[in-house]
$ cat run_15.txt   # compact mmCIF, C-alpha atoms and all ligand atoms
# COMPACT_ATOMS: atom_id res chain seq x y z
CA MET A 1 165.44 -0.16 -114.97
CA ALA A 2 165.19 0.95 -118.56
CA ILE A 3 162.05 -0.38 -120.11
CA LYS A 4 162.34 -0.82 -123.80
CA PHE A 5 159.08 0.01 -125.39
CA GLY A 6 157.80 -1.59 -128.49
CA ARG A 7 159.47 -1.00 -131.77
CA PRO A 8 157.82 -2.68 -134.73
CA LEU A 9 160.01 -5.67 -135.60
CA GLU A 10 158.48 -8.21 -137.88
CA ARG A 11 155.21 -9.85 -138.72
CA SER A 12 154.36 -12.23 -135.88
CA ARG A 13 154.29 -15.90 -136.70
CA LEU A 14 152.29 -16.68 -133.61
CA ASP A 15 149.75 -14.03 -134.18
CA PRO A 16 148.94 -14.11 -137.86
CA ALA A 17 147.12 -11.06 -139.01
CA PRO A 18 143.54 -11.39 -140.13
CA ALA A 19 143.27 -10.99 -143.84
CA GLY A 20 143.83 -7.45 -144.91
CA ILE A 21 145.22 -6.21 -141.60
CA LYS A 22 148.95 -5.69 -141.33
CA THR A 23 150.34 -6.41 -137.85
CA GLU A 24 153.86 -6.37 -136.61
CA ARG A 25 155.44 -8.11 -133.67
CA LEU A 26 156.54 -5.60 -131.07
CA ASP A 27 160.08 -5.84 -129.82
CA LEU A 28 159.05 -6.04 -126.19
CA ARG A 29 161.45 -7.16 -123.49
CA VAL A 30 158.88 -6.62 -120.78
CA ARG A 31 155.72 -8.63 -121.16
CA PRO A 32 153.68 -8.68 -117.93
CA ARG A 33 151.39 -11.25 -119.50
CA ARG A 34 154.16 -13.90 -119.29
CA ASN A 35 153.46 -14.34 -115.56
CA ARG A 36 149.76 -14.71 -116.20
CA ARG A 37 149.98 -17.46 -118.80
CA SER A 38 149.11 -20.40 -116.63
CA GLU A 39 147.36 -21.15 -113.38
CA TRP A 40 150.52 -22.39 -111.61
CA SER A 41 152.29 -19.15 -112.47
CA ARG A 42 149.38 -16.97 -111.44
CA ARG A 43 149.31 -18.83 -108.15
CA MET A 44 153.05 -18.41 -107.71
CA ILE A 45 153.05 -14.63 -108.09
CA ARG A 46 149.79 -13.99 -106.20
CA GLU A 47 150.25 -11.21 -103.64
CA ASN A 48 147.22 -11.73 -101.43
CA VAL A 49 145.48 -14.84 -100.28
CA LEU A 50 142.13 -15.29 -98.57
CA THR A 51 141.80 -18.04 -95.98
CA ALA A 52 139.16 -19.06 -93.48
CA ASP A 53 141.27 -17.29 -90.83
CA ASP A 54 140.25 -13.99 -92.41
CA LEU A 55 136.55 -14.50 -91.79
CA ILE A 56 134.19 -13.42 -89.04
CA TRP A 57 130.69 -14.77 -89.53
CA PRO A 58 127.82 -12.56 -88.34
CA PHE A 59 124.50 -14.21 -87.65
CA PHE A 60 121.09 -13.18 -86.44
CA LEU A 61 119.30 -14.60 -83.44
CA VAL A 62 115.62 -15.02 -82.73
CA ASP A 63 113.60 -16.41 -79.82
CA GLY A 64 112.28 -19.94 -79.95
CA MET A 65 113.47 -23.45 -80.60
CA ASN A 66 114.40 -24.96 -83.93
CA VAL A 67 113.68 -21.73 -85.77
CA ARG A 68 115.40 -20.75 -89.00
CA ALA A 69 113.53 -17.72 -90.33
CA PRO A 70 114.46 -16.29 -93.72
CA ILE A 71 115.18 -12.58 -94.18
CA ASP A 72 113.73 -11.25 -97.44
CA SER A 73 116.43 -8.72 -98.16
CA MET A 74 119.26 -11.15 -97.35
CA PRO A 75 118.85 -14.34 -99.40
CA ASP A 76 120.36 -17.44 -97.74
CA VAL A 77 120.69 -15.65 -94.38
CA GLU A 78 118.33 -16.69 -91.60
CA ARG A 79 117.46 -15.65 -88.10
CA LEU A 80 118.43 -18.55 -85.87
CA SER A 81 117.08 -19.66 -82.53
CA VAL A 82 119.80 -20.33 -79.96
CA ASP A 83 119.92 -24.08 -80.64
CA GLN A 84 120.36 -23.40 -84.37
CA ALA A 85 122.97 -20.74 -83.64
CA VAL A 86 124.94 -23.41 -81.78
CA HIS A 87 124.78 -25.59 -84.92
CA ALA A 88 125.96 -22.66 -87.01
CA ALA A 89 128.85 -22.10 -84.61
CA GLU A 90 129.75 -25.79 -84.87
CA ARG A 91 129.72 -25.48 -88.63
CA ALA A 92 131.93 -22.39 -88.38
CA ALA A 93 134.41 -24.25 -86.19
CA THR A 94 134.50 -27.19 -88.61
CA LEU A 95 135.26 -24.73 -91.39
CA ALA A 96 138.06 -23.13 -89.32
CA ILE A 97 136.28 -19.79 -89.14
CA PRO A 98 137.84 -18.22 -86.03
CA CYS A 99 134.99 -16.07 -84.80
CA VAL A 100 131.23 -15.50 -85.01
CA ALA A 101 129.33 -12.26 -84.38
CA LEU A 102 125.85 -12.31 -82.82
CA PHE A 103 122.96 -9.92 -83.52
CA PRO A 104 119.56 -10.31 -81.87
CA TYR A 105 116.11 -9.78 -83.32
CA THR A 106 114.37 -8.54 -80.21
CA ASP A 107 110.67 -9.12 -79.82
CA SER A 108 108.91 -5.75 -80.05
CA ALA A 109 107.34 -6.30 -76.63
CA ARG A 110 110.83 -6.17 -75.14
CA ARG A 111 111.90 -2.94 -76.85
CA ASP A 112 111.53 0.28 -74.93
CA GLU A 113 112.59 3.90 -75.00
CA ASP A 114 115.88 3.22 -73.17
CA GLY A 115 116.71 -0.21 -74.60
CA SER A 116 116.67 -1.74 -71.13
CA GLU A 117 116.64 -5.30 -72.52
CA ALA A 118 120.30 -4.71 -73.41
CA LEU A 119 121.06 -4.98 -69.70
CA ASN A 120 119.10 -8.17 -69.11
CA PRO A 121 121.67 -10.91 -68.37
CA ASP A 122 119.20 -13.41 -69.80
CA ASN A 123 118.56 -11.60 -73.07
CA LEU A 124 118.79 -13.45 -76.38
CA VAL A 125 122.40 -12.51 -77.05
CA CYS A 126 123.56 -13.59 -73.59
CA ARG A 127 121.74 -16.91 -73.88
CA ALA A 128 123.37 -17.50 -77.27
CA ILE A 129 126.84 -16.57 -75.97
CA ARG A 130 126.52 -19.01 -73.09
CA ALA A 131 125.23 -21.82 -75.29
CA ILE A 132 127.93 -21.33 -77.93
CA LYS A 133 130.78 -21.01 -75.41
CA LYS A 134 129.55 -24.19 -73.73
CA GLU A 135 129.11 -26.31 -76.87
CA VAL A 136 131.79 -24.81 -79.11
CA PRO A 137 134.40 -23.40 -76.72
CA GLU A 138 137.09 -23.22 -79.40
CA ILE A 139 135.36 -20.49 -81.39
CA GLY A 140 135.58 -16.75 -80.67
CA VAL A 141 132.37 -14.85 -79.97
CA LEU A 142 132.01 -11.17 -80.81
CA CYS A 143 129.04 -9.03 -79.77
CA ASP A 144 127.97 -5.52 -80.61
CA VAL A 145 127.59 -2.93 -77.95
CA ALA A 146 124.86 -0.51 -79.05
CA LEU A 147 121.22 -0.13 -78.09
CA ASP A 148 119.52 -0.31 -81.50
CA PRO A 149 118.25 -3.91 -81.24
CA TYR A 150 116.52 -2.91 -78.02
CA THR A 151 115.19 0.64 -78.40
CA SER A 152 111.65 1.41 -79.54
CA HIS A 153 113.03 4.27 -81.70
CA GLY A 154 115.75 2.18 -83.33
CA HIS A 155 118.67 4.39 -82.32
CA ASP A 156 121.98 3.16 -80.90
CA GLY A 157 121.79 5.51 -77.94
CA LEU A 158 119.39 7.21 -75.55
CA LEU A 159 117.04 9.73 -77.12
CA ARG A 160 116.25 12.81 -75.03
CA ASP A 161 114.15 15.59 -76.57
CA GLY A 162 115.05 14.44 -80.06
CA VAL A 163 118.78 14.25 -79.36
CA ILE A 164 120.96 11.17 -78.90
CA VAL A 165 122.72 12.03 -75.66
CA ASN A 166 126.35 10.97 -75.50
CA ASP A 167 127.53 10.60 -71.93
CA GLU A 168 124.39 9.07 -70.54
CA THR A 169 124.45 6.55 -73.39
CA VAL A 170 128.07 5.65 -72.70
CA ALA A 171 127.20 4.79 -69.10
CA VAL A 172 124.56 2.33 -70.35
CA LEU A 173 126.91 0.88 -72.97
CA VAL A 174 129.47 0.11 -70.28
CA ARG A 175 126.82 -1.85 -68.41
CA GLN A 176 125.79 -3.63 -71.63
CA ALA A 177 129.42 -4.61 -72.25
CA LEU A 178 129.67 -6.01 -68.73
CA VAL A 179 126.51 -8.07 -69.19
CA GLU A 180 127.95 -9.55 -72.41
CA ALA A 181 131.38 -10.16 -70.88
CA GLU A 182 129.74 -11.86 -67.92
CA ALA A 183 127.94 -14.19 -70.35
CA GLY A 184 131.29 -15.15 -71.90
CA CYS A 185 131.70 -12.84 -74.87
CA ASP A 186 135.34 -12.73 -76.07
CA ILE A 187 135.29 -9.54 -78.12
CA ILE A 188 133.18 -6.50 -77.29
CA ALA A 189 132.46 -4.50 -80.43
CA PRO A 190 131.05 -1.03 -79.74
CA SER A 191 129.13 -0.07 -82.88
CA ASP A 192 127.37 3.00 -81.54
CA MET A 193 129.89 5.78 -82.38
CA MET A 194 129.40 7.66 -79.11
CA ASP A 195 132.42 9.72 -78.04
CA GLY A 196 134.58 8.14 -75.38
CA ARG A 197 132.85 4.79 -75.24
CA VAL A 198 135.90 2.65 -75.92
CA GLY A 199 137.79 4.14 -72.98
CA ALA A 200 134.78 3.90 -70.71
CA ILE A 201 134.12 0.28 -71.68
CA ARG A 202 137.80 -0.65 -71.22
CA GLY A 203 137.71 0.93 -67.79
CA GLY A 204 134.50 -0.86 -66.87
CA LEU A 205 135.75 -4.23 -68.07
CA ASP A 206 139.06 -3.89 -66.26
CA ALA A 207 137.43 -2.77 -63.03
CA ALA A 208 135.21 -5.85 -63.13
CA GLY A 209 138.16 -8.16 -63.76
CA PHE A 210 137.53 -8.72 -67.47
CA THR A 211 141.02 -7.64 -68.46
CA ASP A 212 141.22 -10.39 -71.11
CA VAL A 213 138.03 -9.44 -72.90
CA ALA A 214 139.06 -7.67 -76.10
CA ILE A 215 137.57 -4.64 -77.80
CA MET A 216 137.10 -4.39 -81.54
CA ALA A 217 136.01 -0.81 -82.13
CA TYR A 218 133.69 0.05 -84.96
CA ALA A 219 136.15 2.89 -85.20
CA ALA A 220 135.24 4.46 -88.52
CA LYS A 221 131.58 3.73 -89.01
CA PHE A 222 129.74 5.77 -91.60
CA ALA A 223 126.09 6.80 -91.76
CA SER A 224 125.38 4.50 -94.66
CA ALA A 225 122.49 3.46 -96.87
CA PHE A 226 124.00 -0.02 -96.98
CA TYR A 227 122.76 -1.07 -93.51
CA GLU A 228 119.13 -1.33 -94.54
CA PRO A 229 118.83 -5.14 -94.82
CA PHE A 230 120.51 -5.52 -91.41
CA ARG A 231 117.88 -3.27 -89.90
CA ASP A 232 115.23 -5.52 -91.45
CA ALA A 233 117.01 -8.53 -89.98
CA ILE A 234 117.02 -7.16 -86.42
CA GLY A 235 113.64 -5.49 -86.83
CA SER A 236 114.81 -1.95 -86.11
CA ASN A 237 113.97 -0.54 -89.52
CA THR A 238 110.28 0.16 -89.13
CA ALA A 239 111.04 1.67 -85.76
CA LEU A 240 113.88 4.00 -86.72
CA VAL A 241 112.99 7.62 -86.15
CA GLY A 242 115.10 9.92 -88.31
CA ASP A 243 118.64 8.85 -89.17
CA LYS A 244 121.98 8.26 -87.47
CA ARG A 245 123.97 11.16 -88.91
CA THR A 246 124.58 12.88 -85.58
CA TYR A 247 126.75 9.98 -84.45
CA GLN A 248 127.76 7.89 -87.48
CA MET A 249 130.27 9.53 -89.82
CA ASP A 250 129.69 11.54 -92.97
CA PRO A 251 130.56 9.37 -96.00
CA ALA A 252 132.49 12.32 -97.42
CA ASN A 253 135.25 12.20 -94.79
CA THR A 254 138.55 10.31 -94.48
CA ASP A 255 140.78 12.52 -92.32
CA GLU A 256 138.05 12.40 -89.71
CA ALA A 257 138.07 8.60 -89.95
CA LEU A 258 141.76 8.61 -89.04
CA ARG A 259 141.06 10.83 -86.03
CA GLU A 260 138.27 8.51 -84.89
CA VAL A 261 140.51 5.47 -85.20
CA GLU A 262 143.36 7.21 -83.39
CA LEU A 263 141.06 8.04 -80.48
CA ASP A 264 139.76 4.48 -80.19
CA ILE A 265 143.31 3.12 -80.16
CA ALA A 266 144.32 5.64 -77.50
CA GLU A 267 141.27 4.62 -75.45
CA GLY A 268 142.28 0.96 -75.55
CA ALA A 269 140.86 -0.70 -78.67
CA ASP A 270 142.65 -3.97 -79.47
CA MET A 271 141.38 -4.06 -83.03
CA VAL A 272 139.71 -1.52 -85.25
CA MET A 273 137.10 -1.79 -87.95
CA VAL A 274 136.01 0.21 -90.95
CA LYS A 275 132.40 -0.06 -92.01
CA PRO A 276 130.87 -0.40 -94.61
CA GLY A 277 133.43 -2.32 -96.64
CA LEU A 278 133.82 -2.11 -100.38
CA PRO A 279 132.73 1.54 -100.81
CA TYR A 280 135.29 2.51 -98.12
CA LEU A 281 138.43 0.62 -99.17
CA ASP A 282 140.34 3.90 -99.32
CA VAL A 283 139.57 4.49 -95.65
CA LEU A 284 140.58 0.93 -94.80
CA GLN A 285 143.91 1.30 -96.57
CA ARG A 286 144.68 4.61 -94.89
CA VAL A 287 143.79 3.23 -91.47
CA LYS A 288 145.98 0.16 -91.92
CA ASP A 289 148.87 2.22 -93.27
CA ALA A 290 148.65 4.84 -90.54
CA PHE A 291 148.31 2.63 -87.47
CA GLY A 292 149.32 -0.92 -88.37
CA MET A 293 146.63 -2.21 -86.03
CA PRO A 294 144.68 -5.44 -86.53
CA THR A 295 142.21 -3.88 -88.94
CA PHE A 296 138.90 -5.34 -90.01
CA ALA A 297 136.32 -4.46 -92.60
CA TYR A 298 132.60 -5.12 -92.38
CA GLN A 299 131.10 -6.19 -95.69
CA VAL A 300 127.68 -5.04 -94.61
CA SER A 301 124.21 -6.33 -95.31
CA GLY A 302 123.57 -4.01 -98.27
CA GLU A 303 126.77 -5.09 -99.96
CA TYR A 304 125.74 -8.71 -99.47
CA ALA A 305 122.23 -7.99 -100.74
CA MET A 306 123.51 -6.29 -103.90
CA ILE A 307 125.66 -9.23 -104.89
CA MET A 308 122.95 -11.76 -104.05
CA ALA A 309 120.25 -9.82 -105.88
CA ALA A 310 122.31 -9.45 -109.04
CA ALA A 311 123.33 -13.11 -108.85
CA GLY A 312 119.70 -14.08 -108.31
CA HIS A 313 118.79 -12.37 -111.55
CA GLY A 314 121.67 -14.05 -113.35
CA TRP A 315 123.27 -10.67 -113.91
CA LEU A 316 126.58 -11.70 -112.44
CA ASP A 317 128.24 -14.83 -111.15
CA GLY A 318 127.58 -14.61 -107.41
CA ASP A 319 130.45 -16.88 -106.38
CA LYS A 320 132.98 -14.98 -108.42
CA ALA A 321 131.71 -11.61 -107.21
CA MET A 322 131.89 -12.88 -103.63
CA MET A 323 135.50 -14.04 -103.97
CA GLU A 324 136.58 -10.91 -105.80
CA SER A 325 134.99 -8.63 -103.21
CA LEU A 326 136.75 -10.48 -100.40
CA ILE A 327 140.22 -10.47 -101.94
CA ALA A 328 139.74 -6.73 -102.46
CA PHE A 329 139.60 -6.32 -98.67
CA LYS A 330 142.84 -8.25 -98.28
CA ARG A 331 144.50 -6.17 -100.98
CA ALA A 332 143.46 -2.96 -99.22
CA GLY A 333 145.11 -4.22 -96.02
CA ALA A 334 142.36 -5.86 -93.99
CA ASP A 335 143.39 -8.52 -91.50
CA GLY A 336 139.90 -9.91 -91.66
CA VAL A 337 136.36 -9.32 -92.85
CA LEU A 338 132.98 -9.62 -91.19
CA THR A 339 130.89 -11.10 -93.96
CA TYR A 340 127.58 -12.90 -94.35
CA PHE A 341 129.35 -14.99 -97.00
CA ALA A 342 131.74 -16.43 -94.40
CA ALA A 343 130.42 -20.00 -94.34
CA LYS A 344 129.93 -20.15 -98.09
CA VAL A 345 133.47 -18.86 -98.70
CA ALA A 346 135.06 -21.14 -96.12
CA GLU A 347 133.32 -24.10 -97.70
CA LYS A 348 134.57 -23.12 -101.11
CA LEU A 349 138.13 -22.66 -99.84
CA LYS A 350 138.00 -26.03 -98.10
CA LYS A 351 136.80 -27.79 -101.27
CA ALA A 352 139.51 -26.09 -103.32
CA ALA A 353 142.17 -27.31 -100.86
CA ALA A 354 140.86 -30.88 -100.76
C1 LIG A 401 124.15 -1.50 -84.95
C2 LIG A 401 124.76 -2.09 -86.15
C3 LIG A 401 124.42 -1.88 -87.48
C4 LIG A 401 125.20 -2.75 -88.22
C5 LIG A 401 126.03 -3.44 -87.34
N1 LIG A 401 125.75 -3.00 -86.05
C6 LIG A 401 123.36 -1.03 -88.09
C7 LIG A 401 123.35 0.40 -87.85
O1 LIG A 401 124.30 0.99 -87.32
O2 LIG A 401 122.32 0.99 -88.17
C8 LIG A 401 125.13 -2.92 -89.71
C9 LIG A 401 125.59 -4.24 -90.23
C10 LIG A 401 125.13 -4.55 -91.60
O3 LIG A 401 124.50 -3.73 -92.29
O4 LIG A 401 125.41 -5.67 -92.02
N2 LIG A 401 124.67 -0.34 -84.46

$ encode --input "run_15.txt" --output "structure tokens" --more "lines below"
Ligand code: PBG
Amino acid sequence: MAIKFGRPLERSRLDPAPAGIKTERLDLRVRPRRNRRSEWSRRMIRENVLTADDLIWPFFLVDGMNVRAPIDSMPDVERLSVDQAVHAAERAATLAIPCVALFPYTDSARRDEDGSEALNPDNLVCRAIRAIKKEVPEIGVLCDVALDPYTSHGHDGLLRDGVIVNDETVAVLVRQALVEAEAGCDIIAPSDMMDGRVGAIRGGLDAAGFTDVAIMAYAAKFASAFYEPFRDAIGSNTALVGDKRTYQMDPANTDEALREVELDIAEGADMVMVKPGLPYLDVLQRVKDAFGMPTFAYQVSGEYAMIMAAAGHGWLDGDKAMMESLIAFKRAGADGVLTYFAAKVAEKLKKAAA
């Protein structure tokens, strides 16, 4: 297609020049702005759409009854006791959010060196899974597999002489996955970044008869500064000894992310995830393009906190920033997003449709 670029034609009648400035109408055949003139037209040509179906809503759990405890670094997000988590799940279902993700704040008395509370079939997460599956059976429940909510040192795996040991950790993660599956979890989401854990968990689930329990692999998970508020929320921050760079990925790498994702798919992942979200849209796009898998992004706690903090100061419009950040995930190829904004967004979408 030959595009005819502007040749000065005549003084525009529509666009009269301010006094003293001579303007000419350009002889343009192609004017991309034509499609943007009105809302109906913008809607008609829109390439990507965000719906409630795209949302997974993570929430935090805490012991007790009728508890909704605020989290300083995550405005409007609370730790919920199991009864309140059931209400939240009901709200999610009403808003047509397909799935919730559960993260426990474990009482420090129940954390130990090996994260043994992870294997307690009556731990907070398991109690919440059972309650939600009983009261709100139509909603999907996703749970992390990783030891960090349960270890006294805050790491996702077993620490031996200052090293996070891989194979021994994987054996525990398989048992953790089985405990969660037994409680009724629909999607097991290994977030630990140990080598070989997806295959081992798939094998463990299948051997125990949980062939229909799905795996969403935190396939490309980076050692990120943006997880800090989450670690406050689950209480692992003060505990964390060192950092997670021997198992989470170097933020400088994308080819390696593709290799990680490829391995998780080969090991049996049903869905893959890239995490964090917005700073890693390039990784997300490459992963979706390369594998065509159901691909999710995690808009993590720090991303949420940044938008909320700026909005709280009146430095940006929080609602607009929220919507723009979420459509960016869709544009990059995400099939869905784990986001702390999920309920707020779904409510907004519902109002707009009404
Ligand atoms: C645990 C886990 C983390 C997040 C999800 N699962 C923290 C971490 O790896 O340190 C982060 C989520 C968020 O920041 O919102 N392995």

$ closest_atom_pairs --input "run_15.txt" --of "chain A" --to "ligand LIG 401 (chain A)" --cutoff "7 Å" --atoms "all atoms listed in the file" --output "JSON lines"
{"residue": "A:Asp144", "atom": "CA", "partner": "A:LIG401", "partner_atom": "N1", "distance": 6.4}
{"residue": "A:Ala146", "atom": "CA", "partner": "A:LIG401", "partner_atom": "N2", "distance": 5.4}
{"residue": "A:Asp148", "atom": "CA", "partner": "A:LIG401", "partner_atom": "C1", "distance": 5.9}
{"residue": "A:Asp156", "atom": "CA", "partner": "A:LIG401", "partner_atom": "N2", "distance": 5.7}
{"residue": "A:Ser191", "atom": "CA", "partner": "A:LIG401", "partner_atom": "N2", "distance": 4.7}
{"residue": "A:Asp192", "atom": "CA", "partner": "A:LIG401", "partner_atom": "N2", "distance": 5.2}
{"residue": "A:Phe226", "atom": "CA", "partner": "A:LIG401", "partner_atom": "O3", "distance": 6.0}
{"residue": "A:Tyr227", "atom": "CA", "partner": "A:LIG401", "partner_atom": "O3", "distance": 3.4}
{"residue": "A:Glu228", "atom": "CA", "partner": "A:LIG401", "partner_atom": "O3", "distance": 6.3}
{"residue": "A:Pro229", "atom": "CA", "partner": "A:LIG401", "partner_atom": "O3", "distance": 6.4}
{"residue": "A:Phe230", "atom": "CA", "partner": "A:LIG401", "partner_atom": "O3", "distance": 4.5}
{"residue": "A:Arg231", "atom": "CA", "partner": "A:LIG401", "partner_atom": "C6", "distance": 6.2}
{"residue": "A:Gln299", "atom": "CA", "partner": "A:LIG401", "partner_atom": "O4", "distance": 6.8}
{"residue": "A:Val300", "atom": "CA", "partner": "A:LIG401", "partner_atom": "O4", "distance": 3.5}
{"residue": "A:Ser301", "atom": "CA", "partner": "A:LIG401", "partner_atom": "O4", "distance": 3.6}
{"residue": "A:Gly302", "atom": "CA", "partner": "A:LIG401", "partner_atom": "O3", "distance": 6.1}

$ residues_around --input "run_15.txt" --residues "Asn35 (chain A)" --least-positions-apart "6" --cutoff "12 Å" --atoms "only C-alpha atoms" --output "ChimeraX atom specification"
/A:41-46

$ closest_residue --input "run_15.txt" --among "A:Ala189, A:Ala239, A:Arg175, A:Asn166" --to "Thr151 (chain A)" --atoms "only C-alpha atoms"
A:Ala239

$ atom_distance --input "run_15.txt" --atom1 "CA of Ala131 (chain A)" --atom2 "CA of Ala93 (chain A)"
14.5 Å

$ residues_around --input "run_15.txt" --residues "region 338-346 of chain A" --least-positions-apart "3" --cutoff "6 Å" --atoms "all atoms listed in the file" --output "JSON, numbers by chain"
{"A": [52, 55, 56, 57, 95, 298, 299, 349]}

$ atom_distance --input "run_15.txt" --atom1 "CA of Met65 (chain A)" --atom2 "CA of Ala118 (chain A)"
21.2 Å

$ closest_residue --input "run_15.txt" --among "A:Ser73, A:Gln84, A:Gln248, A:Thr254" --to "Val283 (chain A)" --atoms "only C-alpha atoms"
A:Thr254

$ closest_residue --input "run_15.txt" --among "A:Arg111, A:Arg79, A:Arg37, A:Lys244" --to "Gly64 (chain A)" --atoms "all atoms listed in the file"
A:Arg79

$ closest_residue --input "run_15.txt" --among "A:Pro137, A:Gly292, A:Pro190, A:Gly162" --to "Thr246 (chain A)" --atoms "all atoms listed in the file"
A:Gly162

$ closest_residue --input "run_15.txt" --among "A:Ser224, A:Asn48, A:Asn66, A:Gln285" --to "Glu303 (chain A)" --atoms "only C-alpha atoms"
A:Ser224

$ residues_around --input "run_15.txt" --residues "Val198 (chain A)" --least-positions-apart "6" --cutoff "12 Å" --atoms "all atoms listed in the file" --output "ChimeraX atom specification"
/A:145-146,170-171,173-174,177,188-192,204-205,214-219,260-272

$ write_last_selection --input "run_15.txt" --atoms "C-alpha atoms" --output "tab-separated table (two decimals), in the frame of the given file"
chain	number	residue	atom	x	y	z
A	145	VAL	CA	127.59	-2.93	-77.95
A	146	ALA	CA	124.86	-0.51	-79.05
A	170	VAL	CA	128.07	5.65	-72.70
A	171	ALA	CA	127.20	4.79	-69.10
A	173	LEU	CA	126.91	0.88	-72.97
A	174	VAL	CA	129.47	0.11	-70.28
A	177	ALA	CA	129.42	-4.61	-72.25
A	188	ILE	CA	133.18	-6.50	-77.29
A	189	ALA	CA	132.46	-4.50	-80.43
A	190	PRO	CA	131.05	-1.03	-79.74
A	191	SER	CA	129.13	-0.07	-82.88
A	192	ASP	CA	127.37	3.00	-81.54
A	204	GLY	CA	134.50	-0.86	-66.87
A	205	LEU	CA	135.75	-4.23	-68.07
A	214	ALA	CA	139.06	-7.67	-76.10
A	215	ILE	CA	137.57	-4.64	-77.80
A	216	MET	CA	137.10	-4.39	-81.54
A	217	ALA	CA	136.01	-0.81	-82.13
A	218	TYR	CA	133.69	0.05	-84.96
A	219	ALA	CA	136.15	2.89	-85.20
A	260	GLU	CA	138.27	8.51	-84.89
A	261	VAL	CA	140.51	5.47	-85.20
A	262	GLU	CA	143.36	7.21	-83.39
A	263	LEU	CA	141.06	8.04	-80.48
A	264	ASP	CA	139.76	4.48	-80.19
A	265	ILE	CA	143.31	3.12	-80.16
A	266	ALA	CA	144.32	5.64	-77.50
A	267	GLU	CA	141.27	4.62	-75.45
A	268	GLY	CA	142.28	0.96	-75.55
A	269	ALA	CA	140.86	-0.70	-78.67
A	270	ASP	CA	142.65	-3.97	-79.47
A	271	MET	CA	141.38	-4.06	-83.03
A	272	VAL	CA	139.71	-1.52	-85.25

$ atom_distance --input "run_15.txt" --atom1 "CA of Ala183 (chain A)" --atom2 "CA of Arg197 (chain A)"
20.2 Å

$ residues_around --input "run_15.txt" --residues "region 324-329 of chain A" --least-positions-apart "5" --cutoff "8 Å" --atoms "all atoms listed in the file" --output "MDAnalysis selection string"
chainID A and resid 48:50 277:278 281 297 334 336:337

$ residues_around --input "run_15.txt" --residues "Arg286 (chain A)" --least-positions-apart "3" --cutoff "9 Å" --atoms "all atoms listed in the file" --output "list of chain:residue names"
A:Thr254, A:Leu258, A:Leu281, A:Asp282, A:Val283, A:Asp289, A:Ala290, A:Phe291, A:Ala332, A:Gly333

$ write_last_selection --input "run_15.txt" --atoms "C-alpha atoms" --output "PDB file, in the frame of the given file"
ATOM      1  CA  THR A 254     138.550  10.310 -94.480  1.00  0.00           C
ATOM      2  CA  LEU A 258     141.760   8.610 -89.040  1.00  0.00           C
ATOM      3  CA  LEU A 281     138.430   0.620 -99.170  1.00  0.00           C
ATOM      4  CA  ASP A 282     140.340   3.900 -99.320  1.00  0.00           C
ATOM      5  CA  VAL A 283     139.570   4.490 -95.650  1.00  0.00           C
ATOM      6  CA  ASP A 289     148.870   2.220 -93.270  1.00  0.00           C
ATOM      7  CA  ALA A 290     148.650   4.840 -90.540  1.00  0.00           C
ATOM      8  CA  PHE A 291     148.310   2.630 -87.470  1.00  0.00           C
ATOM      9  CA  ALA A 332     143.460  -2.960 -99.220  1.00  0.00           C
ATOM     10  CA  GLY A 333     145.110  -4.220 -96.020  1.00  0.00           C
TER      11      GLY A 333
END

$ closest_residue --input "run_15.txt" --among "A:Arg259, A:Arg33, A:Asp114, A:Gly314" --to "Arg160 (chain A)" --atoms "all atoms listed in the file"
A:Asp114
